[in-house]
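Colleague: What follows is start-v8.tsv, made up of TSV, C-alpha atoms:
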```
chain	number	residue	atom	x	y	z
U	1	MET	CA	21.89	29.19	-15.56
U	2	GLN	CA	22.92	26.82	-18.31
U	3	ASP	CA	22.81	23.91	-15.85
U	4	LEU	CA	19.21	24.80	-14.94
U	5	GLN	CA	18.24	24.92	-18.61
U	6	GLU	CA	19.86	21.54	-19.24
U	7	THR	CA	18.06	20.09	-16.21
U	8	TRP	CA	14.74	21.46	-17.46
U	9	ILE	CA	15.32	19.99	-20.91
U	10	ALA	CA	16.18	16.63	-19.36
U	11	ILE	CA	13.00	16.69	-17.27
U	12	LYS	CA	10.89	17.50	-20.35
U	13	LEU	CA	12.41	14.49	-22.06
U	14	GLY	CA	10.85	12.33	-19.35
U	15	GLY	CA	7.47	12.67	-21.04
U	16	MET	CA	3.98	13.04	-19.59
U	17	ILE	CA	4.78	10.70	-16.68
U	18	ILE	CA	6.77	13.58	-15.16
U	19	VAL	CA	3.48	15.33	-14.34
U	20	PRO	CA	2.20	12.73	-11.81
U	21	LEU	CA	5.75	12.26	-10.53
U	22	SER	CA	6.01	16.00	-9.89
U	23	LEU	CA	2.68	15.88	-8.07
U	24	LEU	CA	3.95	13.09	-5.83
U	25	ALA	CA	7.11	15.09	-5.12
U	26	ILE	CA	5.08	18.16	-4.11
U	27	ILE	CA	2.83	16.10	-1.85
U	28	ALA	CA	5.80	14.39	-0.18
U	29	LEU	CA	7.56	17.71	0.38
U	30	ALA	CA	4.41	19.32	1.79
U	31	ILE	CA	3.85	16.47	4.25
U	32	MET	CA	7.46	16.52	5.44
U	33	LEU	CA	7.39	20.28	5.96
U	34	GLU	CA	4.11	20.00	7.85
U	35	LYS	CA	5.50	17.25	10.08
U	36	ALA	CA	8.67	19.23	10.77
U	37	PHE	CA	6.59	22.25	11.82
U	38	ILE	CA	4.27	20.17	14.02
U	39	TYR	CA	7.12	18.51	15.91
U	40	TRP	CA	8.98	21.80	16.28
U	41	ARG	CA	5.92	23.76	17.42
U	42	TYR	CA	3.72	21.28	19.28
U	43	ALA	CA	5.84	18.32	20.40
U	44	ARG	CA	8.98	19.85	21.90
U	45	LEU	CA	9.01	19.82	25.69
U	46	PRO	CA	10.85	22.75	27.32
U	47	LEU	CA	13.83	21.64	29.40
U	48	ASP	CA	12.58	23.27	32.61
U	49	LEU	CA	9.22	21.55	32.32
U	50	LEU	CA	10.94	18.23	31.57
U	51	ARG	CA	13.12	18.51	34.66
U	52	LEU	CA	10.13	19.42	36.80
U	53	ALA	CA	8.06	16.47	35.61
U	54	GLU	CA	10.94	14.04	36.22
U	55	THR	CA	11.02	14.83	39.94
U	56	TYR	CA	8.62	13.38	42.48
U	57	GLY	CA	8.47	16.36	44.80
U	58	PHE	CA	7.02	19.05	42.57
U	59	ALA	CA	3.84	20.95	43.40
U	60	TRP	CA	0.95	20.37	41.02
U	61	GLU	CA	0.30	24.11	40.95
U	62	GLU	CA	3.83	24.68	39.68
U	63	LEU	CA	3.33	22.14	36.92
U	64	GLU	CA	0.07	23.79	35.87
U	65	LYS	CA	1.77	27.17	35.82
U	66	ARG	CA	4.50	25.87	33.52
U	67	LEU	CA	1.93	24.27	31.23
U	68	TYR	CA	0.19	27.60	30.69
U	69	GLY	CA	3.29	28.76	28.84
U	70	LEU	CA	2.70	26.13	26.14
U	71	ASN	CA	0.37	26.44	23.18
U	72	ASP	CA	-3.15	25.08	23.68
U	73	ARG	CA	-2.50	22.55	20.92
U	74	HIS	CA	0.80	21.36	22.39
U	75	TYR	CA	0.66	17.57	22.73
U	76	PHE	CA	2.43	17.38	26.08
U	77	ARG	CA	0.14	20.05	27.50
U	78	ARG	CA	-2.89	18.07	26.38
U	79	PHE	CA	-1.49	14.91	27.96
U	80	PHE	CA	-0.47	16.51	31.25
U	81	GLU	CA	-3.77	18.35	31.62
U	82	VAL	CA	-5.68	15.06	31.41
U	83	VAL	CA	-3.54	13.66	34.23
U	84	ILE	CA	-3.90	16.81	36.33
U	85	ALA	CA	-7.68	16.96	35.82
U	86	ASN	CA	-8.04	13.36	37.07
U	87	ARG	CA	-5.34	13.30	39.74
U	88	ARG	CA	-7.84	13.17	42.63
U	89	ARG	CA	-9.42	10.03	41.26
U	90	PRO	CA	-7.98	6.53	41.78
U	91	ALA	CA	-4.61	6.05	40.07
U	92	TRP	CA	-5.95	3.33	37.78
U	93	TRP	CA	-8.64	5.72	36.53
U	94	THR	CA	-6.11	8.49	35.83
U	95	GLU	CA	-3.81	6.04	34.09
U	96	SER	CA	-6.63	4.86	31.85
U	97	ARG	CA	-7.62	8.42	30.87
U	98	ALA	CA	-3.97	9.27	30.18
U	99	ALA	CA	-3.62	6.18	27.98
U	100	ASP	CA	-6.71	7.21	26.00
U	101	GLU	CA	-5.30	10.70	25.43
U	102	ALA	CA	-1.92	9.28	24.43
U	103	GLN	CA	-3.65	7.10	21.84
U	104	LEU	CA	-5.39	10.14	20.36
U	105	ILE	CA	-2.09	12.03	20.25
U	106	GLU	CA	-0.32	9.13	18.56
U	107	THR	CA	-3.07	8.97	15.94
U	108	SER	CA	-2.70	12.70	15.32
U	109	LEU	CA	1.09	12.45	14.96
U	110	ALA	CA	0.77	9.54	12.53
U	111	ARG	CA	-1.68	11.41	10.30
U	112	ARG	CA	-0.66	11.41	6.61
U	113	LEU	CA	2.44	9.28	7.20
U	114	TRP	CA	0.69	6.58	5.20
U	115	VAL	CA	0.79	8.94	2.20
U	116	LEU	CA	4.60	9.09	2.39
U	117	GLU	CA	4.69	5.30	2.63
U	118	THR	CA	2.46	5.06	-0.46
U	119	ILE	CA	4.69	7.47	-2.41
U	120	VAL	CA	7.71	5.28	-1.60
U	121	THR	CA	6.03	2.49	-3.56
U	122	ALA	CA	4.13	4.50	-6.17
U	123	ALA	CA	6.97	6.76	-7.42
U	124	PRO	CA	9.25	3.96	-8.72
U	125	LEU	CA	6.25	2.26	-10.35
U	126	LEU	CA	5.31	5.47	-12.15
U	127	GLY	CA	8.94	5.85	-13.18
U	128	LEU	CA	8.83	2.30	-14.52
U	129	MET	CA	5.76	3.19	-16.57
U	130	GLY	CA	7.74	6.07	-18.05
U	131	THR	CA	10.55	3.66	-18.81
U	132	ILE	CA	8.21	1.30	-20.62
U	133	GLY	CA	6.67	4.17	-22.59
U	134	GLY	CA	10.08	5.53	-23.60
U	135	MET	CA	11.36	2.14	-24.72
U	136	MET	CA	8.18	1.51	-26.70
U	137	ASP	CA	8.67	4.82	-28.51
U	138	ALA	CA	12.26	3.86	-29.29
U	139	PHE	CA	11.25	0.45	-30.64
U	140	LYS	CA	8.52	2.00	-32.79
U	141	ILE	CA	11.07	4.22	-34.47
U	142	ILE	CA	13.46	1.33	-34.98
U	143	GLY	CA	10.76	-0.84	-36.51
U	144	SER	CA	9.14	1.76	-38.75
U	145	SER	CA	10.06	1.34	-42.41
U	146	GLY	CA	13.26	-0.39	-41.42
U	147	VAL	CA	14.91	3.02	-41.04
U	148	VAL	CA	16.59	3.99	-37.82
U	149	ASN	CA	16.29	7.57	-36.61
U	150	PRO	CA	19.16	7.95	-34.11
U	151	THR	CA	17.71	11.11	-32.58
U	152	GLY	CA	14.30	9.54	-32.01
U	153	VAL	CA	15.79	6.38	-30.57
U	154	THR	CA	18.02	8.24	-28.12
U	155	GLY	CA	15.07	10.45	-27.16
U	156	GLY	CA	13.01	7.40	-26.25
U	157	VAL	CA	15.86	5.90	-24.24
U	158	ALA	CA	16.42	9.24	-22.49
U	159	GLN	CA	12.73	9.37	-21.59
U	160	ALA	CA	12.98	5.89	-20.13
U	161	LEU	CA	16.07	6.64	-18.03
U	162	ILE	CA	14.93	10.07	-16.80
U	163	ALA	CA	11.51	8.84	-15.67
U	164	THR	CA	13.11	5.97	-13.78
U	165	ALA	CA	15.71	8.20	-12.14
U	166	ILE	CA	13.15	10.79	-11.02
U	167	GLY	CA	10.81	8.10	-9.67
U	168	LEU	CA	13.63	6.54	-7.65
U	169	LEU	CA	14.78	9.92	-6.34
U	170	ILE	CA	11.28	10.83	-5.14
U	171	ALA	CA	10.90	7.41	-3.51
U	172	LEU	CA	14.24	7.77	-1.69
U	173	ILE	CA	13.34	11.21	-0.33
U	174	ALA	CA	9.90	10.00	0.79
U	175	LEU	CA	11.46	6.91	2.39
U	176	PHE	CA	13.93	8.95	4.41
U	177	GLY	CA	11.12	11.30	5.46
U	178	PHE	CA	8.84	8.43	6.45
U	179	ASN	CA	11.52	6.66	8.49
U	180	TYR	CA	12.66	9.86	10.18
U	181	PHE	CA	9.22	11.04	11.25
U	182	SER	CA	8.19	7.53	12.29
U	183	ARG	CA	11.23	7.46	14.58
U	184	VAL	CA	10.49	10.93	15.97
U	185	GLN	CA	6.91	9.87	16.62
U	186	SER	CA	8.09	6.78	18.48
U	187	GLN	CA	10.53	8.84	20.56
U	188	THR	CA	7.82	11.39	21.39
U	189	MET	CA	5.40	8.73	22.55
U	190	ASP	CA	8.09	6.97	24.59
U	191	GLU	CA	8.90	10.27	26.31
U	192	MET	CA	5.22	10.91	26.96
U	193	GLU	CA	4.76	7.44	28.43
U	194	ARG	CA	7.83	7.86	30.65
U	195	LEU	CA	6.68	11.22	32.00
U	196	GLY	CA	3.13	9.91	32.40
U	197	THR	CA	4.51	7.15	34.62
U	198	ARG	CA	6.27	9.82	36.71
U	199	LEU	CA	3.01	11.71	37.18
U	200	ILE	CA	1.04	8.59	38.07
U	201	ASP	CA	3.71	7.65	40.62
U	202	HIS	CA	3.41	11.15	42.08
U	203	ILE	CA	-0.35	10.68	42.37
U	204	ARG	CA	0.11	7.35	44.15
U	205	LEU	CA	2.55	8.92	46.61
U	206	ASP	CA	0.10	11.75	47.28
U	207	GLN	CA	-2.71	9.29	47.87
U	208	GLN	CA	-0.58	7.18	50.20
U	209	GLY	CA	0.40	10.28	52.16
U	210	ASN	CA	-3.22	11.34	52.48
U	211	ALA	CA	-4.17	7.83	53.67
U	212	HIS	CA	-1.48	7.91	56.37
U	213	GLU	CA	-2.63	11.34	57.54
U	214	ALA	CA	-6.23	10.16	57.71
U	215	ALA	CA	-5.15	7.11	59.73
```
I need this file expressed as structure tokens, please.
Modeller:
Amino acid sequence: MQDLQETWIAIKLGGMIIVPLSLLAIIALAIMLEKAFIYWRYARLPLDLLRLAETYGFAWEELEKRLYGLNDRHYFRRFFEVVIANRRRPAWWTESRAADEAQLIETSLARRLWVLETIVTAAPLLGLMGTIGGMMDAFKIIGSSGVVNPTGVTGGVAQALIATAIGLLIALIALFGFNYFSRVQSQTMDEMERLGTRLIDHIRLDQQGNAHEAA
């Protein structure tokens, strides 16, 4: 309990700049939690569906049946349903529609990541502003009437150091979050592209088989 009180006192010493820094921290945390939920709920492909899509001999009806078990907003379901809906058209047409849907999905996954990237830059700069303000307060006390108030001087220095430390901490957390979710996004899109290629190949094989039967 005493440690919490000391931490709270230290944060208050950071001055008014702690308010916008706290706001940035809340925004960064909210975005990271939202991204974690989205990837856990709407971007995880069940193992049985993954194995089915990786084969070339599956029945399209079986794939559709497995997709019904996913949420309507699931990204892989959206992607696969576009391919399935256009599978009787020429392969180039289906591939183009799948690429369009993948682009929309990538845009959706990248939403608000730019905010994390902005916080990475903005938090240290705000902390630096707190540093400048704290040092200015310290110098004012030193220069006033030629009398040095040790408590006031150390308070100004503490404000400078605390604001800088908090700004850097927020930036580090946001940076790790940005890099992690950018990597997960890239992995998700690579997996989607790979499975999309499997489905398009399946369509080409079906079309070739139908052409041979017609001949």
Colleague: Nearest to Tyr75 of chain U: which of U:Val115, U:Leu33, U:Met192, U:Leu168 is it, counting only C-alpha atoms?
Modeller: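 Distance minimum relative to Tyr75 of chain U lands on U:Met192.
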Colleague: Just how far from atom CA of Thr118 of chain U is atom CA of Ile166 of chain U, in Å to one decimal?
Modeller: 16.1 Å
Colleague: State, in Å with one decimal place, the distance from atom CA of Arg51 of chain U to atom CA of Glu106 of chain U.
Modeller: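 Straight-line distance from atom CA of Arg51 of chain U to atom CA of Glu106 of chain U works out to 23.0 Å.
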Colleague: Identify, on the basis of only C-alpha atoms, every residue whose closest approach to segment 170-184 of chain U does not exceed 6 Å; exclude the query and any residue fewer than 3 positions from it along the same chain; express the result as a list in words.
Modeller: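 Skipping anything fewer than 3 positions along the chain leaves Ala25, Leu116, Val120, Ala123, Gly167 and Gln187 of chain U.
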Colleague: So, with all atoms listed in the file as the atoms that count, which of U:Leu23, U:Ala163, U:Ala53, U:Ala122 lies closest to Leu199 of chain U?
Modeller: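 Among U:Leu23, U:Ala163, U:Ala53, U:Ala122, it is U:Ala53 that comes nearest to Leu199 of chain U.
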Colleague: Of the residues U:Gln185, U:Thr197, U:Gln207, U:Thr107, which is the one nearest to Ala36 of chain U, using all atoms listed in the file?
Modeller: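 Closest to Ala36 of chain U, using all atoms listed in the file: U:Gln185.
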